[in-house]
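Structure file model-v7.txt with compact mmCIF, C-alpha atoms and all ligand atoms:
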```
# COMPACT_ATOMS: atom_id res chain seq x y z
CA MET A 86 0.00 0.00 0.00
CA ARG A 87 1.47 3.33 -1.06
CA ILE A 88 0.56 6.18 1.28
CA LEU A 89 1.41 9.83 0.71
CA PHE A 90 1.73 11.88 3.90
CA ILE A 91 1.82 15.65 3.26
CA GLY A 92 3.54 17.97 5.77
CA ASP A 93 1.66 20.90 7.35
CA VAL A 94 -0.46 22.47 4.58
CA PHE A 95 -0.09 26.24 5.02
CA GLY A 96 -2.76 28.69 3.84
CA ARG A 97 -3.96 29.18 0.30
CA THR A 98 -0.47 28.56 -1.06
CA GLY A 99 -0.43 25.13 0.57
CA ARG A 100 -3.96 24.25 -0.56
CA ASP A 101 -3.13 25.22 -4.14
CA LEU A 102 0.00 23.04 -4.04
CA VAL A 103 -2.09 20.08 -2.87
CA ARG A 104 -4.67 20.59 -5.61
CA GLU A 105 -2.08 20.98 -8.36
CA GLY A 106 0.44 18.48 -7.02
CA LEU A 107 -1.67 15.47 -6.04
CA PRO A 108 -2.51 14.34 -9.62
CA VAL A 109 1.20 14.60 -10.53
CA LEU A 110 2.38 12.58 -7.54
CA ALA A 111 -0.43 10.03 -7.95
CA ALA A 112 0.55 9.48 -11.60
CA ARG A 113 4.22 9.16 -10.77
CA TYR A 114 4.07 7.03 -7.62
CA GLY A 115 0.75 5.18 -7.83
CA LEU A 116 -0.79 6.27 -4.53
CA ASP A 117 -3.42 4.27 -2.64
CA ALA A 118 -4.11 6.81 0.11
CA VAL A 119 -3.28 10.40 1.05
CA ILE A 120 -2.97 11.82 4.57
CA ALA A 121 -2.18 15.49 5.25
CA ASN A 122 -1.61 17.60 8.32
CA VAL A 123 -3.99 20.55 7.87
CA GLU A 124 -3.63 22.51 11.12
CA ASN A 125 -2.51 25.62 9.19
CA ALA A 126 -4.66 25.17 6.08
CA ALA A 127 -7.00 28.13 6.69
CA SER A 128 -5.00 31.38 6.38
CA GLY A 129 -2.09 29.78 8.23
CA ALA A 130 -4.04 29.05 11.41
CA GLY A 131 -6.60 26.30 11.84
CA ILE A 132 -9.10 24.65 9.53
CA THR A 133 -12.58 25.61 8.35
CA ARG A 134 -15.31 23.54 6.77
CA GLU A 135 -14.72 25.22 3.42
CA THR A 136 -10.96 24.59 3.39
CA GLY A 137 -11.41 21.06 4.74
CA GLU A 138 -13.94 20.18 2.07
CA ALA A 139 -11.68 21.61 -0.65
CA LEU A 140 -8.75 19.51 0.57
CA LEU A 141 -10.86 16.34 0.68
CA LYS A 142 -12.03 17.12 -2.86
CA SER A 143 -8.40 17.46 -3.95
CA GLY A 144 -7.88 13.82 -2.97
CA ILE A 145 -6.91 13.80 0.70
CA ASP A 146 -8.39 10.83 2.55
CA VAL A 147 -7.59 11.71 6.17
CA MET A 148 -6.64 15.08 7.73
CA THR A 149 -4.54 15.35 10.88
CA THR A 150 -3.91 18.47 12.97
CA GLY A 151 -2.08 19.68 16.09
CA ASN A 152 -1.88 22.66 18.42
CA HIS A 153 -3.58 24.97 15.87
CA VAL A 154 -6.64 22.74 15.41
CA TRP A 155 -9.08 25.13 17.16
CA ASP A 156 -7.66 28.41 15.78
CA LYS A 157 -10.82 28.77 13.67
CA ARG A 158 -13.76 28.32 16.02
CA GLU A 159 -15.92 26.52 13.46
CA ALA A 160 -13.49 23.56 13.68
CA LEU A 161 -15.16 22.76 17.03
CA THR A 162 -18.37 21.88 15.18
CA TYR A 163 -16.88 20.81 11.82
CA ILE A 164 -14.85 18.05 13.49
CA GLY A 165 -18.06 16.59 14.91
CA VAL A 166 -19.54 15.99 11.45
CA GLU A 167 -16.32 15.11 9.59
CA PRO A 168 -14.74 11.87 10.88
CA ARG A 169 -11.88 12.24 8.37
CA LEU A 170 -10.66 15.29 10.34
CA LEU A 171 -8.61 14.28 13.41
CA ARG A 172 -7.29 16.20 16.41
CA PRO A 173 -4.52 14.95 18.71
CA LEU A 174 -5.92 11.96 20.61
CA ASN A 175 -4.19 12.94 23.87
CA MET A 176 -6.16 16.19 24.25
CA SER A 177 -8.77 16.41 27.00
CA PRO A 178 -11.44 13.70 26.63
CA SER A 179 -14.02 16.49 26.66
CA ALA A 180 -12.58 18.03 23.46
CA PRO A 181 -14.78 17.39 20.42
CA GLY A 182 -13.67 15.03 17.67
CA ARG A 183 -11.30 12.13 17.86
CA GLY A 184 -7.66 11.26 17.30
CA ALA A 185 -7.87 7.97 15.41
CA PHE A 186 -9.74 6.81 12.33
CA VAL A 187 -9.83 3.80 10.02
CA THR A 188 -10.42 4.78 6.41
CA ARG A 189 -11.21 2.41 3.54
CA LEU A 190 -9.32 2.56 0.26
CA ALA A 191 -11.19 2.40 -3.04
CA ASP A 192 -10.66 -1.39 -3.09
CA GLY A 193 -11.89 -1.82 0.50
CA ARG A 194 -8.54 -2.24 2.25
CA PRO A 195 -8.47 -0.54 5.67
CA LEU A 196 -5.89 2.07 6.71
CA GLY A 197 -5.61 3.24 10.33
CA VAL A 198 -4.51 6.80 11.09
CA ILE A 199 -3.60 8.14 14.54
CA ASN A 200 -2.87 11.77 15.45
CA ALA A 201 -0.91 12.55 18.64
CA MET A 202 0.75 15.65 20.08
CA GLY A 203 4.01 15.95 22.01
CA ARG A 204 4.46 17.58 25.43
CA VAL A 205 7.89 19.21 25.16
CA PHE A 206 7.57 22.96 24.35
CA MET A 207 3.90 22.38 23.47
CA PRO A 208 0.53 23.21 25.08
CA PRO A 209 -0.19 20.73 27.89
CA VAL A 210 -1.73 17.42 26.82
CA ASP A 211 -1.94 13.91 28.25
CA ASN A 212 0.86 11.34 27.89
CA PRO A 213 1.13 10.62 24.16
CA PHE A 214 3.18 7.43 24.58
CA GLU A 215 0.48 5.59 26.53
CA ALA A 216 -2.33 7.05 24.44
CA VAL A 217 -0.75 6.08 21.11
CA ALA A 218 0.14 2.55 22.25
CA ALA A 219 -3.46 1.98 23.35
CA ALA A 220 -4.81 3.40 20.07
CA VAL A 221 -2.46 1.20 17.99
CA ASP A 222 -3.73 -1.86 19.89
CA ARG A 223 -7.32 -0.81 19.29
CA LEU A 224 -6.92 0.04 15.60
CA SER A 225 -4.86 -3.08 14.83
CA ARG A 226 -8.03 -5.15 15.26
CA GLU A 227 -9.48 -3.32 12.24
CA SER A 228 -6.43 -2.46 10.16
CA ARG A 229 -3.02 -4.01 9.75
CA VAL A 230 -1.52 -0.84 8.26
CA ILE A 231 -1.39 2.07 10.73
CA VAL A 232 0.21 5.51 10.23
CA VAL A 233 0.82 7.82 13.20
CA ASP A 234 1.31 11.61 13.00
CA MET A 235 3.30 12.79 16.04
CA HIS A 236 2.82 16.55 16.12
CA ALA A 237 5.67 17.83 18.27
CA GLU A 238 8.44 20.38 18.60
CA ALA A 239 11.27 18.36 20.14
CA THR A 240 13.26 15.98 17.97
CA ALA A 241 14.03 13.67 20.91
CA GLU A 242 10.36 13.23 21.74
CA LYS A 243 9.55 12.25 18.15
CA ILE A 244 12.54 9.90 17.91
CA ALA A 245 11.47 8.29 21.19
CA MET A 246 7.97 7.76 19.79
CA GLY A 247 9.51 6.18 16.69
CA TRP A 248 11.31 3.59 18.79
CA HIS A 249 8.23 3.15 21.01
CA LEU A 250 6.20 2.13 17.95
CA ASP A 251 8.90 0.28 16.01
CA GLY A 252 7.41 -2.98 14.74
CA ARG A 253 3.87 -1.93 15.74
CA ALA A 254 3.00 0.67 13.08
CA ALA A 255 3.77 1.15 9.39
CA ALA A 256 5.00 4.68 10.01
CA LEU A 257 5.61 7.30 12.66
CA VAL A 258 5.93 10.69 10.98
CA GLY A 259 6.61 13.97 12.75
CA THR A 260 4.91 17.29 11.96
CA HIS A 261 4.70 20.82 13.47
CA THR A 262 8.14 22.41 12.94
CA HIS A 263 7.48 23.10 9.21
CA VAL A 264 11.10 22.15 8.50
CA GLN A 265 11.76 18.85 6.73
CA THR A 266 14.40 16.67 8.34
CA ALA A 267 16.84 14.47 6.38
CA ASP A 268 16.49 11.40 8.61
CA ALA A 269 13.79 9.35 6.84
CA ARG A 270 14.54 5.66 7.42
CA ILE A 271 13.06 2.28 8.22
CA LEU A 272 13.70 1.37 11.85
CA PRO A 273 14.96 -2.21 12.54
CA GLY A 274 11.49 -3.47 13.52
CA GLY A 275 10.00 -2.26 10.22
CA THR A 276 8.45 1.11 11.07
CA ALA A 277 9.09 3.99 8.66
CA TYR A 278 10.28 7.10 10.47
CA ILE A 279 10.96 10.79 9.85
CA THR A 280 11.35 13.47 12.53
CA ASP A 281 9.49 16.09 10.47
CA VAL A 282 7.79 15.86 7.09
CA GLY A 283 8.11 19.64 6.58
CA MET A 284 5.68 22.23 5.24
CA THR A 285 3.56 22.41 2.11
CA GLY A 286 3.37 26.15 1.65
CA PRO A 287 5.43 29.31 1.13
CA HIS A 288 9.08 28.68 1.98
CA ASP A 289 10.35 32.28 1.60
CA SER A 290 8.73 32.99 4.95
CA ILE A 291 9.21 32.34 8.65
CA ILE A 292 7.57 28.93 8.93
CA GLY A 293 4.76 30.13 6.65
CA MET A 294 4.21 33.74 7.75
CA GLU A 295 5.46 36.90 5.99
CA ARG A 296 8.99 37.59 7.14
CA ALA A 297 8.78 41.33 7.93
CA GLU A 298 6.21 41.15 10.74
CA VAL A 299 7.70 38.07 12.39
CA LEU A 300 11.19 39.48 12.16
CA ALA A 301 9.99 42.78 13.68
CA ARG A 302 8.52 40.82 16.59
CA PHE A 303 11.83 39.14 17.23
CA VAL A 304 13.86 42.34 16.81
CA THR A 305 11.64 44.72 18.80
CA GLY A 306 9.74 42.34 21.09
CA LEU A 307 6.56 44.26 20.20
CA PRO A 308 3.36 42.59 19.00
CA ALA A 309 2.73 42.58 15.24
CA ARG A 310 -0.04 41.18 13.12
CA MET A 311 1.16 38.17 11.11
CA GLU A 312 0.09 37.47 7.53
CA PRO A 313 0.53 34.22 5.55
CA ALA A 314 3.34 34.44 3.00
CA GLU A 315 3.12 33.24 -0.62
CA ALA A 316 6.64 33.19 -2.08
CA ASN A 317 8.56 30.03 -3.00
CA PRO A 318 5.75 27.46 -2.74
CA ARG A 319 7.02 23.92 -2.06
CA LEU A 320 5.18 20.66 -1.42
CA GLN A 321 6.92 18.55 1.22
CA ALA A 322 5.77 15.02 1.97
CA VAL A 323 6.82 11.41 2.36
CA ILE A 324 5.64 8.29 0.61
CA ILE A 325 5.39 5.18 2.74
CA ASP A 326 5.23 1.82 1.01
CA ALA A 327 3.60 -0.55 3.51
CA ASP A 328 3.27 -4.33 3.26
CA ASP A 329 -0.46 -5.17 3.51
CA ARG A 330 0.34 -8.58 4.98
CA THR A 331 2.65 -7.50 7.83
CA GLY A 332 1.55 -3.88 8.25
CA LEU A 333 5.22 -2.83 8.24
CA ALA A 334 7.05 -0.50 5.88
CA ARG A 335 9.18 -1.52 2.92
CA GLU A 336 10.28 1.98 1.95
CA ILE A 337 9.99 5.66 2.85
CA ILE A 338 10.67 8.30 0.20
CA ARG A 339 11.13 11.97 1.12
CA LEU A 340 9.59 14.50 -1.30
CA ASP A 341 10.36 18.21 -1.65
CA TRP A 342 8.92 19.67 -4.88
CA SER A 343 8.68 23.30 -5.92
CA ARG A 344 5.47 24.41 -7.62
CA GLN A 345 7.41 24.83 -10.84
CA GLU A 346 8.74 21.26 -10.65
CA LEU A 347 5.19 19.98 -10.14
CA ARG A 348 3.99 21.99 -13.15
CA ASP A 349 6.89 20.77 -15.33
CA ALA A 350 6.20 17.16 -14.30
CA ARG A 351 2.52 17.62 -15.11
CA ARG A 352 3.39 18.88 -18.58
CA VAL A 353 5.56 15.80 -19.17
CA GLU A 354 2.79 13.48 -17.95
CA ASP A 355 0.26 15.24 -20.20
CA ASP A 356 2.59 14.94 -23.21
CA GLU A 357 3.04 11.24 -22.55
CA GLN A 358 -0.70 10.57 -22.62
CA PRO A 359 -1.70 8.75 -25.84
CA VAL A 360 -3.93 10.84 -28.12
FE FE A 401 1.94 23.56 11.65
FE FE A 402 1.77 22.77 15.15
```
Could you write out this structure as structure tokens?
Ligand SMILES: [Fe+2]
Ligand SMILES: [Fe+2]
Amino acid sequence: MRILFIGDVFGRTGRDLVREGLPVLAARYGLDAVIANVENAASGAGITRETGEALLKSGIDVMTTGNHVWDKREALTYIGVEPRLLRPLNMSPSAPGRGAFVTRLADGRPLGVINAMGRVFMPPVDNPFEAVAAAVDRLSRESRVIVVDMHAEATAEKIAMGWHLDGRAAALVGTHTHVQTADARILPGGTAYITDVGMTGPHDSIIGMERAEVLARFVTGLPARMEPAEANPRLQAVIIDADDRTGLAREIIRLDWSRQELRDARRVEDDEQPV
């Protein structure tokens, strides 16, 4: 099973990259399922029904989130009617929505997705290690292949979660920093791992926002209104090839495509189509 996991989709720039890029990547890699972290999909902060529906229409099967999940208030109700939208499972049990979901591929095969959030330099949440282990046990009754999004700041916490799940999940992928790490690998037990998938959005920015205002905040210490950037759009993701029989990973491929590269690839694909 070939699963594309897209790193934090940021604002309109990120949504456009997903819409334009997914057909190209599907044609090139033969994807069975697409997961994306969408916590910044609506103007760089949160998710709305409109942006969520657009992303699902673009071909995303399951949407994960993180600390920004409630930045747009309507997410509190949208998550109740959209089971394909997850929030970290180790939030308060009274938070709406859920942190795990089993989707069905077009051919009926199940795929389990779990969303967790770290506790180091993050808003307070319950223990993710115990919560994820319990969720993997629960989901493994329904789906052999399970992908976990560990939304966290600290590299050590994500690496620890990778080892915690090694041999129990197809993949543990990190999100949240918006910076792709070069450590994609298959752990000895068969779990695909990367500390951070990166950001699908404007890369001439400060993790997605226009540079001037963020820089002024750092330089002066004064509050400034932040705006989503647009320059240098790049789609960052990983492809996980999972064995349907064992539920473990055979391969993890790191992707980092500029919008221009996606457009050029699309032109080549279109030219290759028989007339
Ligand atoms: Fe993010
Ligand atoms: Fe985040």
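Around the point (2.3, 13.9, -11.7), within 12 Å and counting all atoms listed in the file, we find these residues: A:Val103, A:Arg104, A:Glu105, A:Gly106, A:Leu107, A:Pro108, A:Val109, A:Leu110, A:Ala111, A:Ala112, A:Arg113, A:Tyr114, A:Gly115, A:Leu116, A:Trp342, A:Arg344, A:Glu346, A:Leu347, A:Arg348, A:Asp349, A:Ala350, A:Arg351, A:Arg352, A:Val353, A:Glu354, A:Asp355, A:Asp356, A:Glu357, A:Gln358.
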* **Atom pair atom CA of Met148 of chain A / atom CA of His263 of chain A: separation (Å)** => 16.3 Å
* Tell me which protein, DNA and RNA residues are within 10 Å of Asp289 of chain A, counting only C-alpha atoms, leaving out same-chain ones fewer than 6 positions away, and put them as an NGL selection string. => :A and (295-296 or 314-319)
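Here atom CA of Leu196 of chain A is placed at a distance of 13.8 Å from atom CA of Pro168 of chain A.
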* Asked: Could you list, as a list of chain:residue names, all the residues within 6 Å of ligand FE 401 (chain A), counting only C-alpha atoms and all ligand atoms?
  -> A:Asp93, A:Glu124, A:Asn125, A:His261
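Each of A:Asp251, A:Asp281, A:Glu135, A:Asp211 was compared to ligand FE 402 (chain A) using only C-alpha atoms and all ligand atoms, and A:Asp281 turns out to be the nearest.
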Rows by chain and residue number, chain A within 6 Å of ligand FE 402 (chain A), shortest pair, all atoms listed in the file, as a tab-separated table:
```
residue	atom	partner	partner_atom	distance
A:Gly151	CA	A:FE402	FE	5.0
A:Asn152	CA	A:FE402	FE	4.9
A:His153	CA	A:FE402	FE	5.8
A:His261	CA	A:FE402	FE	3.9
```
* What is the distance between atom CA of Thr240 of chain A and atom CA of Val123 of chain A, in Å to one decimal? -> 20.5 Å
